[in-house]
>>> print(open('data39.cif').read())   # mmCIF, C-alpha atoms and all ligand atoms
data_protein
loop_
_atom_site.label_atom_id
_atom_site.label_comp_id
_atom_site.auth_asym_id
_atom_site.auth_seq_id
_atom_site.Cartn_x
_atom_site.Cartn_y
_atom_site.Cartn_z
CA MET X 3 -21.37 30.23 -8.12
CA PRO X 4 -19.84 26.72 -8.07
CA GLU X 5 -22.21 23.84 -8.86
CA THR X 6 -23.64 21.71 -6.05
CA ARG X 7 -21.67 18.48 -6.02
CA VAL X 8 -23.14 15.20 -4.81
CA PRO X 9 -20.85 12.47 -3.45
CA ARG X 10 -21.53 8.83 -4.31
CA ARG X 11 -20.59 6.06 -1.91
CA ARG X 12 -17.79 3.89 -3.28
CA ARG X 13 -16.40 0.45 -2.57
CA PHE X 14 -12.61 0.27 -2.56
CA LEU X 15 -10.17 -2.62 -2.46
CA VAL X 16 -6.77 -1.92 -0.89
CA CYS X 17 -3.66 -3.77 0.31
CA GLU X 18 -1.61 -2.75 3.33
CA PRO X 19 2.07 -1.85 2.55
CA ARG X 20 3.37 -4.36 5.13
CA HIS X 21 6.01 -5.66 2.71
CA PHE X 22 6.57 -2.38 0.86
CA ALA X 23 10.10 -1.85 -0.51
CA VAL X 24 11.90 -0.40 -3.52
CA GLN X 25 14.01 -3.29 -4.78
CA TYR X 26 13.82 -2.86 -8.54
CA ALA X 27 13.26 0.17 -10.79
CA ILE X 28 10.44 0.01 -13.34
CA ASN X 29 9.58 3.71 -13.49
CA PRO X 30 11.67 6.91 -13.13
CA TRP X 31 10.48 7.52 -9.55
CA MET X 32 12.14 4.31 -8.34
CA GLN X 33 15.83 4.12 -7.41
CA PRO X 34 16.80 0.49 -6.71
CA ASP X 35 17.60 -0.22 -3.08
CA THR X 36 16.20 3.04 -1.80
CA ARG X 37 15.62 2.79 1.92
CA VAL X 38 11.98 2.99 2.77
CA ASP X 39 10.40 3.52 6.16
CA VAL X 40 7.77 0.78 6.25
CA ASP X 41 6.25 2.12 9.49
CA LEU X 42 5.80 5.54 7.92
CA ALA X 43 4.36 3.97 4.75
CA GLN X 44 1.88 2.06 6.90
CA GLU X 45 0.90 5.17 8.89
CA GLN X 46 0.39 7.21 5.73
CA TRP X 47 -1.60 4.42 4.13
CA GLN X 48 -3.76 4.06 7.27
CA SER X 49 -4.53 7.77 7.06
CA LEU X 50 -5.89 7.23 3.54
CA ILE X 51 -8.09 4.35 4.71
CA ARG X 52 -9.36 6.46 7.65
CA ALA X 53 -10.15 9.32 5.26
CA TYR X 54 -12.15 6.99 2.97
CA ARG X 55 -14.13 5.54 5.87
CA ALA X 56 -14.71 8.96 7.43
CA HIS X 57 -16.31 10.02 4.15
CA GLY X 58 -18.62 7.00 4.09
CA HIS X 59 -16.79 4.72 1.65
CA ALA X 60 -16.55 0.95 2.06
CA VAL X 61 -13.02 -0.46 2.17
CA ASP X 62 -12.07 -4.12 1.62
CA THR X 63 -8.55 -5.45 2.00
CA VAL X 64 -6.37 -8.04 0.30
CA GLU X 65 -3.75 -9.75 2.44
CA PRO X 66 -0.24 -8.55 1.44
CA VAL X 67 2.25 -11.18 0.30
CA PRO X 68 5.96 -11.15 1.27
CA GLY X 69 8.26 -10.65 -1.73
CA LEU X 70 5.70 -8.54 -3.62
CA PRO X 71 6.74 -5.01 -2.57
CA ASP X 72 4.44 -3.21 -5.05
CA MET X 73 1.32 -5.12 -4.04
CA VAL X 74 0.10 -2.03 -2.14
CA PHE X 75 -0.74 -0.53 -5.55
CA ALA X 76 -4.12 -2.24 -5.75
CA ALA X 77 -5.31 -0.17 -8.72
CA ASN X 78 -3.11 -2.21 -11.05
CA CYS X 79 -4.69 -5.59 -10.34
CA ALA X 80 -7.95 -5.19 -12.26
CA VAL X 81 -10.66 -2.91 -13.58
CA SER X 82 -14.35 -3.50 -12.97
CA VAL X 83 -17.53 -2.22 -14.58
CA ASP X 84 -21.06 -3.29 -13.51
CA GLY X 85 -19.76 -6.14 -11.39
CA ARG X 86 -17.57 -7.62 -14.14
CA VAL X 87 -13.86 -7.83 -13.48
CA PHE X 88 -11.11 -7.62 -16.09
CA GLY X 89 -7.85 -8.82 -14.50
CA SER X 90 -4.28 -7.75 -15.15
CA LEU X 91 -1.15 -9.02 -16.84
CA PHE X 92 1.79 -6.98 -15.62
CA HIS X 93 4.48 -5.63 -17.88
CA ALA X 94 7.27 -6.27 -15.34
CA ALA X 95 8.05 -9.86 -14.43
CA GLU X 96 8.54 -8.76 -10.81
CA ARG X 97 4.87 -7.80 -10.51
CA ARG X 98 3.25 -10.65 -12.45
CA PRO X 99 2.52 -12.84 -9.41
CA GLU X 100 0.35 -10.10 -7.86
CA SER X 101 -2.51 -10.82 -10.28
CA THR X 102 -3.19 -14.29 -8.85
CA HIS X 103 -3.45 -13.02 -5.28
CA TYR X 104 -5.97 -10.38 -6.25
CA GLU X 105 -7.84 -12.89 -8.39
CA THR X 106 -8.17 -15.12 -5.34
CA TRP X 107 -9.75 -12.23 -3.43
CA PHE X 108 -12.18 -11.44 -6.23
CA LYS X 109 -13.25 -15.06 -6.59
CA ALA X 110 -13.76 -15.45 -2.84
CA SER X 111 -15.88 -12.28 -2.97
CA GLY X 112 -18.15 -13.63 -5.69
CA PHE X 113 -16.59 -12.14 -8.84
CA ASP X 114 -15.33 -14.03 -11.88
CA VAL X 115 -12.10 -12.60 -13.23
CA TYR X 116 -11.34 -12.38 -16.94
CA ARG X 117 -7.67 -13.10 -17.63
CA PRO X 118 -6.32 -10.80 -20.35
CA GLU X 119 -4.05 -12.05 -23.11
CA SER X 120 -2.14 -8.79 -23.54
CA VAL X 121 -0.19 -6.68 -21.08
CA CYS X 122 -2.50 -4.47 -19.09
CA GLU X 123 -2.27 -2.98 -15.64
CA GLY X 124 -5.84 -2.55 -14.45
CA GLU X 125 -7.03 0.84 -13.32
CA GLY X 126 -3.50 2.17 -13.62
CA ASP X 127 -4.24 2.54 -17.34
CA LEU X 128 -7.94 1.69 -17.69
CA VAL X 129 -10.16 4.36 -16.24
CA PRO X 130 -13.95 4.00 -16.40
CA ALA X 131 -15.35 7.49 -16.96
CA GLY X 132 -19.11 7.75 -17.45
CA ARG X 133 -19.92 6.44 -20.94
CA TYR X 134 -16.33 5.48 -21.78
CA VAL X 135 -13.32 3.65 -20.53
CA LEU X 136 -10.32 5.96 -20.96
CA ALA X 137 -7.29 3.81 -21.69
CA GLY X 138 -3.60 4.69 -21.53
CA THR X 139 -0.82 3.12 -23.56
CA GLY X 140 2.81 3.93 -24.29
CA PHE X 141 4.60 2.47 -21.28
CA ARG X 142 2.62 -0.44 -19.83
CA THR X 143 -0.85 -1.39 -21.11
CA THR X 144 -0.91 -2.27 -24.82
CA ARG X 145 -3.32 -1.27 -27.60
CA GLU X 146 -4.23 -4.96 -27.92
CA ALA X 147 -5.40 -4.86 -24.31
CA HIS X 148 -7.56 -1.80 -25.09
CA ARG X 149 -9.31 -3.90 -27.75
CA GLU X 150 -9.78 -6.74 -25.28
CA VAL X 151 -11.27 -4.33 -22.74
CA GLN X 152 -13.75 -2.93 -25.26
CA GLU X 153 -14.76 -6.43 -26.35
CA PHE X 154 -15.17 -7.59 -22.75
CA PHE X 155 -17.21 -4.68 -21.39
CA GLY X 156 -18.89 -3.52 -24.60
CA VAL X 157 -18.10 0.04 -23.55
CA PRO X 158 -16.33 2.45 -25.94
CA VAL X 159 -12.64 2.52 -25.12
CA ILE X 160 -10.79 5.76 -25.83
CA SER X 161 -7.11 5.00 -26.45
CA LEU X 162 -4.73 7.70 -25.23
CA THR X 163 -0.98 7.71 -25.74
CA LEU X 164 1.25 8.69 -22.84
CA VAL X 165 4.60 10.26 -23.76
CA ASP X 166 6.36 11.29 -20.54
CA PRO X 167 8.01 8.45 -18.57
CA TYR X 168 7.26 10.19 -15.24
CA PHE X 169 3.58 9.69 -16.08
CA TYR X 170 3.85 6.07 -17.12
CA HIS X 171 0.31 5.08 -16.10
CA LEU X 172 -2.82 6.95 -17.15
CA ASP X 173 -3.78 7.41 -13.48
CA THR X 174 -0.65 9.52 -12.90
CA ALA X 175 -1.79 12.04 -15.54
CA LEU X 176 -5.59 12.02 -15.34
CA PHE X 177 -8.42 11.34 -12.91
CA VAL X 178 -12.17 11.26 -13.09
CA LEU X 179 -13.99 13.96 -11.14
CA ASP X 180 -17.52 12.68 -11.81
CA GLU X 181 -19.61 11.09 -14.58
CA ASN X 182 -19.03 14.07 -16.85
CA ASN X 183 -15.68 15.57 -16.12
CA ILE X 184 -12.00 14.86 -15.54
CA ALA X 185 -8.77 16.60 -14.52
CA TYR X 186 -5.54 15.98 -16.44
CA TYR X 187 -2.05 17.18 -17.30
CA PRO X 188 -2.08 17.78 -21.08
CA GLU X 189 1.68 17.51 -21.68
CA ALA X 190 1.68 13.88 -20.52
CA PHE X 191 -0.19 12.99 -23.74
CA SER X 192 0.68 12.85 -27.44
CA PRO X 193 -0.70 15.80 -29.46
CA GLY X 194 -3.51 13.68 -30.94
CA SER X 195 -4.55 12.30 -27.56
CA ARG X 196 -4.52 15.81 -26.11
CA GLU X 197 -6.91 16.86 -28.85
CA VAL X 198 -9.20 13.88 -28.11
CA LEU X 199 -9.35 14.89 -24.45
CA ARG X 200 -10.02 18.51 -25.38
CA ARG X 201 -12.96 17.47 -27.57
CA LEU X 202 -14.44 15.03 -25.04
CA TYR X 203 -13.95 17.26 -22.00
CA PRO X 204 -13.99 20.93 -22.98
CA ASP X 205 -14.51 21.92 -19.32
CA ALA X 206 -11.82 19.67 -17.84
CA VAL X 207 -9.60 20.91 -15.05
CA LEU X 208 -6.09 21.28 -16.49
CA ALA X 209 -3.17 20.70 -14.17
CA THR X 210 0.36 22.13 -14.28
CA ARG X 211 3.56 20.10 -14.35
CA GLU X 212 4.09 21.00 -10.65
CA ASP X 213 0.68 19.54 -9.79
CA ALA X 214 1.46 16.43 -11.82
CA MET X 215 4.94 15.97 -10.30
CA ALA X 216 3.34 16.26 -6.84
CA PHE X 217 1.11 13.32 -7.95
CA GLY X 218 -1.96 15.52 -7.89
CA LEU X 219 -3.52 13.67 -10.83
CA ASN X 220 -3.33 10.41 -8.92
CA SER X 221 -6.43 11.44 -6.99
CA VAL X 222 -9.70 9.76 -6.11
CA SER X 223 -12.96 11.70 -6.36
CA ASP X 224 -16.36 10.61 -5.02
CA GLY X 225 -18.07 13.39 -6.95
CA LEU X 226 -17.60 15.93 -4.15
CA HIS X 227 -14.52 15.06 -2.06
CA VAL X 228 -11.23 14.72 -3.86
CA PHE X 229 -8.59 12.73 -1.98
CA ILE X 230 -5.45 14.43 -3.24
CA ALA X 231 -1.70 14.71 -2.58
CA PRO X 232 -1.05 17.81 -0.42
CA GLY X 233 1.67 19.15 -2.73
CA ALA X 234 -0.75 19.72 -5.61
CA THR X 235 -1.84 23.09 -4.24
CA ALA X 236 -2.70 24.88 -7.50
CA LEU X 237 -4.86 21.94 -8.58
CA ALA X 238 -6.59 21.79 -5.18
CA ASP X 239 -7.38 25.52 -5.48
CA GLN X 240 -8.88 25.01 -8.93
CA LEU X 241 -11.00 22.11 -7.66
CA ALA X 242 -12.26 24.17 -4.73
CA LEU X 243 -13.31 26.96 -7.11
CA ARG X 244 -15.36 24.38 -9.03
CA GLY X 245 -17.19 23.26 -5.89
CA TYR X 246 -15.15 20.15 -5.04
CA VAL X 247 -13.75 19.60 -1.56
CA PRO X 248 -10.06 18.63 -1.58
CA VAL X 249 -9.11 16.16 1.17
CA PRO X 250 -5.29 16.14 1.36
CA VAL X 251 -3.65 12.79 2.16
CA ASP X 252 0.15 12.53 2.20
CA LEU X 253 1.62 9.27 0.82
CA SER X 254 5.18 10.61 0.34
CA GLU X 255 6.79 7.29 1.35
CA LEU X 256 4.91 5.40 -1.35
CA LEU X 257 5.94 7.98 -3.94
CA LYS X 258 9.44 6.44 -3.70
CA ALA X 259 7.94 3.61 -5.77
CA GLY X 260 6.08 5.98 -8.08
CA GLY X 261 2.69 5.45 -6.46
CA GLY X 262 0.08 7.60 -4.77
CA ILE X 263 -3.53 7.72 -3.63
CA LYS X 264 -5.23 6.31 -6.73
CA CYS X 265 -2.51 3.68 -7.22
CA CYS X 266 -3.39 2.33 -3.76
CA THR X 267 -7.09 2.19 -4.56
CA GLN X 268 -9.02 -0.29 -6.68
CA GLU X 269 -12.64 0.74 -7.13
CA ILE X 270 -15.13 -2.10 -7.22
CA ARG X 271 -18.04 -1.06 -9.41
CA SER X 272 -21.02 -3.37 -9.13
N1 LIG X 301 6.12 0.70 -8.60
C1 LIG X 301 4.86 0.50 -9.22
C2 LIG X 301 5.03 0.26 -10.72
O1 LIG X 301 5.89 0.87 -11.31
C3 LIG X 301 3.94 1.67 -8.98
C4 LIG X 301 2.56 1.47 -9.50
C5 LIG X 301 1.68 2.65 -9.33
N2 LIG X 301 0.37 2.37 -9.67
C6 LIG X 301 -0.43 3.15 -10.42
N3 LIG X 301 -1.66 2.83 -10.53
N4 LIG X 301 0.03 4.19 -11.07
O2 LIG X 301 4.36 -0.55 -11.31
#
>>> encode(input="data39.cif", output="structure tokens", more="lines below")
Ligand code: ARG
Amino acid sequence: MPETRVPRRRRFLVCEPRHFAVQYAINPWMQPDTRVDVDLAQEQWQSLIRAYRAHGHAVDTVEPVPGLPDMVFAANCAVSVDGRVFGSLFHAAERRPESTHYETWFKASGFDVYRPESVCEGEGDLVPAGRYVLAGTGFRTTREAHREVQEFFGVPVISLTLVDPYFYHLDTALFVLDENNIAYYPEAFSPGSREVLRRLYPDAVLATREDAMAFGLNSVSDGLHVFIAPGATALADQLALRGYVPVPVDLSELLKAGGGIKCCTQEIRS
């Protein structure tokens, strides 16, 4: 018998892909000057927002800025815990200006924003998970940033090393199901980090490479519903067996930039 799962209402911050484009390549999913269908990207993104609202979640929006084609990936702008916001410092020069625009939104909404000294890309690599913050490094966010995060929040930070360039952010290889459990793709991690995850989460849901390549680990869970890429079928089946309810949302156009559901979603925890 699967456990009874209880959803918790979330507050999300998102940014419409009005100026979405693939102009530069900073991860293996991106081919410079790929044609993108902005209307399709917008429709797909709207379907995600509708799905969140239909499941009772609050959604706030940041105004998109021309010339910042990756700004739709709101997860990268910050990470928040108990109403405190740790901002971002992007690895790629092309994305650095995004931080200021998000910071403006946070300030106008009553949050102070801590400006990190080291490269770190918000919830892309820094994933609050119950008693810990799980933190990725290897491609973008640095170990120094992990230390800054731990010092800022006073929450134990678990550093995990990513080794596969297709899974360049932690949120492409792992997501939080609820306070106590996660799903992840083990091969995206170094052997030591894999062992850490195995010890911390002996009952985790383990995904296949197919699930991971379909961006199935870039999911958002409210504790019951899991907003998930439709191609990650084996993972969705496993989640259903465990009592979660997969809600498929297709963001194929955004995948041309190496982003998916979680990348488009900043959770505001207050
Ligand atoms: N093109 C963006 C980049 O490479 C995609 C970011 C995806 N965001 C995420 N949270 N994984 O930075």
>>> closest_atom_pairs(input="data39.cif", of="chain X", to="ligand LIG 301 (chain X)", cutoff="10 Å", atoms="all atoms listed in the file", output="Markdown table")
| residue | atom | partner | partner_atom | distance |
| --- | --- | --- | --- | --- |
| X:Phe22 | CA | X:LIG301 | N1 | 10.0 |
| X:Ala23 | CA | X:LIG301 | N1 | 9.4 |
| X:Val24 | CA | X:LIG301 | N1 | 7.8 |
| X:Gln25 | CA | X:LIG301 | N1 | 9.6 |
| X:Tyr26 | CA | X:LIG301 | N1 | 8.5 |
| X:Ala27 | CA | X:LIG301 | O1 | 7.4 |
| X:Ile28 | CA | X:LIG301 | O1 | 5.1 |
| X:Asn29 | CA | X:LIG301 | O1 | 5.1 |
| X:Pro30 | CA | X:LIG301 | O1 | 8.6 |
| X:Trp31 | CA | X:LIG301 | N1 | 8.2 |
| X:Met32 | CA | X:LIG301 | N1 | 7.0 |
| X:Pro71 | CA | X:LIG301 | N1 | 8.3 |
| X:Asp72 | CA | X:LIG301 | N1 | 5.5 |
| X:Met73 | CA | X:LIG301 | C1 | 8.4 |
| X:Val74 | CA | X:LIG301 | C4 | 8.5 |
| X:Phe75 | CA | X:LIG301 | N2 | 5.2 |
| X:Ala76 | CA | X:LIG301 | N3 | 7.4 |
| X:Ala77 | CA | X:LIG301 | N3 | 5.1 |
| X:Asn78 | CA | X:LIG301 | N3 | 5.3 |
| X:Cys79 | CA | X:LIG301 | N3 | 9.0 |
| X:Phe92 | CA | X:LIG301 | O2 | 8.2 |
| X:His93 | CA | X:LIG301 | O2 | 8.3 |
| X:Ala94 | CA | X:LIG301 | O2 | 7.6 |
| X:Glu96 | CA | X:LIG301 | O2 | 9.2 |
| X:Arg97 | CA | X:LIG301 | O2 | 7.3 |
| X:Glu123 | CA | X:LIG301 | N3 | 7.8 |
| X:Gly124 | CA | X:LIG301 | N3 | 7.9 |
| X:Glu125 | CA | X:LIG301 | N3 | 6.4 |
| X:Gly126 | CA | X:LIG301 | N3 | 3.7 |
| X:Asp127 | CA | X:LIG301 | N3 | 7.3 |
| X:Leu128 | CA | X:LIG301 | N3 | 9.6 |
| X:Arg142 | CA | X:LIG301 | O2 | 8.7 |
| X:Phe169 | CA | X:LIG301 | N4 | 8.2 |
| X:Tyr170 | CA | X:LIG301 | N4 | 7.4 |
| X:His171 | CA | X:LIG301 | N4 | 5.1 |
| X:Leu172 | CA | X:LIG301 | N4 | 7.3 |
| X:Asp173 | CA | X:LIG301 | N4 | 5.5 |
| X:Thr174 | CA | X:LIG301 | N4 | 5.7 |
| X:Ala175 | CA | X:LIG301 | N4 | 9.2 |
| X:Phe217 | CA | X:LIG301 | N4 | 9.7 |
| X:Asn220 | CA | X:LIG301 | N4 | 7.4 |
| X:Leu256 | CA | X:LIG301 | C3 | 8.5 |
| X:Leu257 | CA | X:LIG301 | C3 | 8.3 |
| X:Lys258 | CA | X:LIG301 | N1 | 8.2 |
| X:Ala259 | CA | X:LIG301 | N1 | 4.4 |
| X:Gly260 | CA | X:LIG301 | C3 | 4.9 |
| X:Gly261 | CA | X:LIG301 | C5 | 4.1 |
| X:Gly262 | CA | X:LIG301 | C5 | 6.9 |
| X:Ile263 | CA | X:LIG301 | N3 | 8.7 |
| X:Lys264 | CA | X:LIG301 | N3 | 6.3 |
| X:Cys265 | CA | X:LIG301 | N3 | 3.5 |
| X:Cys266 | CA | X:LIG301 | N2 | 7.0 |
| X:Thr267 | CA | X:LIG301 | N3 | 8.1 |
| X:Gln268 | CA | X:LIG301 | N3 | 8.9 |
>>> residues_around(input="data39.cif", residues="X:Phe229", least_positions_apart="5", cutoff="7 Å", atoms="only C-alpha atoms", output="PyMOL selection string")
chain X and resi 221-223+248-251
>>> closest_residue(input="data39.cif", among="X:Leu91, X:Val228, X:Ala80, X:Ala131", to="X:Phe113", atoms="only C-alpha atoms")
X:Ala80
>>> residues_around(input="data39.cif", residues="X:Ile270", least_positions_apart="5", cutoff="10 Å", atoms="all atoms listed in the file", output="list in words")
Arg12, Arg13, Phe14, Leu15, Ala60, Val61, Asp62, Ala80, Val81, Ser82, Val83, Asp84, Gly85, Arg86, Val87 and Phe108 of chain X
>>> closest_residue(input="data39.cif", among="X:Ala56, X:Leu226, X:Ala185, X:Leu136", to="X:Pro204", atoms="all atoms listed in the file")
X:Ala185
>>> residues_around(input="data39.cif", residues="X:Ala234", least_positions_apart="2", cutoff="9 Å", atoms="only C-alpha atoms", output="list in words")
Ala209, Glu212, Asp213, Ala214, Met215, Ala216, Phe217, Gly218, Leu219, Ile230, Ala231, Pro232, Ala236, Leu237, Ala238 and Asp239 of chain X
